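Q: Here's a structure for you.
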Amino acid sequence: MAMEIRGTNADFGKVVTDGLASEWMKMNDTYRLAGQTVRRIGFGAMQLPGPGVLGPPKDRDQALRVLRRSIELGVNHIDTAQFYGPDVANDLIREALHPYPSELALVSKVGARRSAQGDWLPAQTPAELRSDVEENLRSLRIDQLTVVNLRRHEVDGEANVPLEDQLAEMIALRDEGKIAGIGLSTITLEQLETALAVTEVACVQNAFSLVDQRDTPVLERCISEGIAYVPYFPLGSAFPHFPKVVDQPAVRVVGERRGISPAQVGLAWLLGKAENVLLIPGTSSLGHLEENMAAAKVKLTDQDQAELAKIS
Ligand SMILES: NC(=O)c1ccc[n+]([C@@H]2O[C@H](COP(=O)([O-])OP(=O)(O)OC[C@H]3O[C@@H](n4cnc5c(N)ncnc54)[C@H](OP(=O)(O)O)[C@@H]3O)[C@@H](O)[C@H]2O)c1
């Protein structure tokens, strides 16, 4: 059951650090992810590499500390990709956490690669999906990934790889035991239905937050199917041209009234959507990590929800 928290700005993270991590763990509810039970707030590793998700972090020791602290705070679900860096996020995860806690769900995604300049390019063929899964296993030094998300990357005006061919490869990878569950990312409702006709789906990872609610139909379908829904960009992302949850006046009003941070408002709103919503906020900051984890204790009131409904 969620508990309300109050406090000054300086208290946001302290709520967890002052010996309350175990209490948080008891209170934080969980959901199923490919046969594992994970806490509803996990960690997204995309902010660990350098600016633009390219190259080494500005502060490598800090990146390692963030990963280790996330585990201390109860994270048992980490989202990554070989193309974060590229290679950087996975290498940091291995260095910080291997040998991994037995309950840790390591989730990756395939379907993209980076150019030398950092462009995000499609790598969508079945052969590319397979080699990317194998590269993740090698770099993370594991035999099986809890989930691999097939990240669709469609290019207008080009012959995109048929989803059916990709799903057949993902199913083969699961049959071989290289992945425990198949996830889908950046997919439409129609593509989700196509997938559900041929396979169990462990999770859907699409963009969704207070500032981008266009994916509501997919979320609702996941709720009805009991599929874990893992919104990416839960705070609006680090990319400069995207609207930020923490900048919304309604979010700030609620945060000030409740004595919690704007990020906690945005994360609590997502948690309140449905029990199958699992969060993977991305951060390179210890303070933000602690603050985000403490969002598990925030329960928004009807008054808060009415204020947040003003965000279009
Ligand atoms: N499937 C896909 O295609 C896909 C796409 C994008 C992302 N993802 C996954 O989803 C995860 C989450 O998305 P994301 O990291 O791109 O975006 P996000 O979680 O919406 O936002 C990250 C940004 O928010 C800032 N932030 C984090 N906590 C904060 C706090 N408490 N207060 C203020 N600012 C805060 C971070 O800066 P600091 O570093 O300074 O905290 C960073 O700039 C990623 O890490 C990745 O694992 C998947």
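If you're wondering about the labels, chains in the structure tokens are A, B, ... by order shown, residues count from 1 in each chain, ligands from 1 in order shown.
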Range 278-284 of chain A: which residues within 8 Å, counting only C-alpha atoms, same-chain residues fewer than 5 positions away excluded, as a ChimeraX atom specification?

A: /A:31,39-48,62-63,66,77-79,228-235,267,270-271,289,292

Q: Restricting it to C-alpha atoms, dump the selection as an mmCIF file, in the first residue's frame.

A:
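Listing of selection.cif after writing:
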```
data_model
loop_
_atom_site.group_PDB
_atom_site.id
_atom_site.type_symbol
_atom_site.label_atom_id
_atom_site.label_comp_id
_atom_site.auth_asym_id
_atom_site.auth_seq_id
_atom_site.Cartn_x
_atom_site.Cartn_y
_atom_site.Cartn_z
ATOM 1 C CA TYR A 31 4.581 -6.925 -10.990
ATOM 2 C CA ARG A 39 9.531 -3.849 -8.081
ATOM 3 C CA ARG A 40 7.542 -1.224 -9.883
ATOM 4 C CA ILE A 41 10.393 1.276 -9.957
ATOM 5 C CA GLY A 42 13.474 0.081 -11.788
ATOM 6 C CA PHE A 43 16.328 1.930 -13.450
ATOM 7 C CA GLY A 44 16.958 3.021 -17.042
ATOM 8 C CA ALA A 45 20.637 3.034 -18.025
ATOM 9 C CA MET A 46 20.398 5.385 -20.984
ATOM 10 C CA GLN A 47 21.665 8.436 -19.078
ATOM 11 C CA LEU A 48 24.873 6.728 -17.929
ATOM 12 C CA GLN A 62 29.720 8.399 -10.317
ATOM 13 C CA ALA A 63 28.033 6.229 -12.978
ATOM 14 C CA VAL A 66 24.573 5.238 -9.296
ATOM 15 C CA HIS A 77 14.920 -4.288 -12.959
ATOM 16 C CA ILE A 78 17.511 -2.519 -15.105
ATOM 17 C CA ASP A 79 16.840 -1.473 -18.684
ATOM 18 C CA ALA A 228 3.781 -5.158 -18.146
ATOM 19 C CA TYR A 229 3.796 -1.650 -19.618
ATOM 20 C CA VAL A 230 7.136 0.142 -19.252
ATOM 21 C CA PRO A 231 6.921 3.768 -20.358
ATOM 22 C CA TYR A 232 10.105 5.238 -21.736
ATOM 23 C CA PHE A 233 10.697 8.981 -21.442
ATOM 24 C CA PRO A 234 8.665 8.933 -18.173
ATOM 25 C CA LEU A 235 10.010 12.395 -17.364
ATOM 26 C CA LEU A 267 6.436 9.265 -11.599
ATOM 27 C CA LEU A 270 2.455 6.970 -13.906
ATOM 28 C CA LEU A 271 2.441 4.480 -11.026
ATOM 29 C CA LEU A 289 18.038 8.346 -8.246
ATOM 30 C CA ASN A 292 12.905 8.839 -8.070
#
```

Q: What lies within 12 Å of range 195-200 of chain A using only C-alpha atoms, ignoring chain neighbours under 6 positions off, as a ChimeraX atom specification?

A: /A:33-35,147,150,162-172,174-175,180-185,187-189,221-222,225-228

Q: Check the smallest atom-to-atom distance from each of A:Val53, A:Arg65, A:Thr37, A:Ser261 to Ser285 in chain A using only C-alpha atoms, then report the winner.

A: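 Among A:Val53, A:Arg65, A:Thr37, A:Ser261, it is A:Arg65 that comes nearest to Ser285 in chain A.
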
Q: If you run DSSP over the backbone, which residues in range 218-284 of chain A end up strand (DSSP E or B)? Put them as a list in words.

A: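 Of range 218-284 of chain A, only Ala228, Tyr229, Tyr232, Val277, Leu279 and Gly282 of chain A fall in strand (DSSP E or B).
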
Q: CA of Val133 in chain A and CA of Val148 in chain A, how far apart in Å?

A: 7.6 Å

Q: Could you pull out all residues of range 53-269 of chain A with a DSSP call of helix (DSSP H, G or I) and give them as a VMD selection string?

A: chain A and resid 53 60 to 72 88 to 97 126 to 140 163 to 175 189 to 196 216 to 225 245 to 247 249 to 258 262 to 269
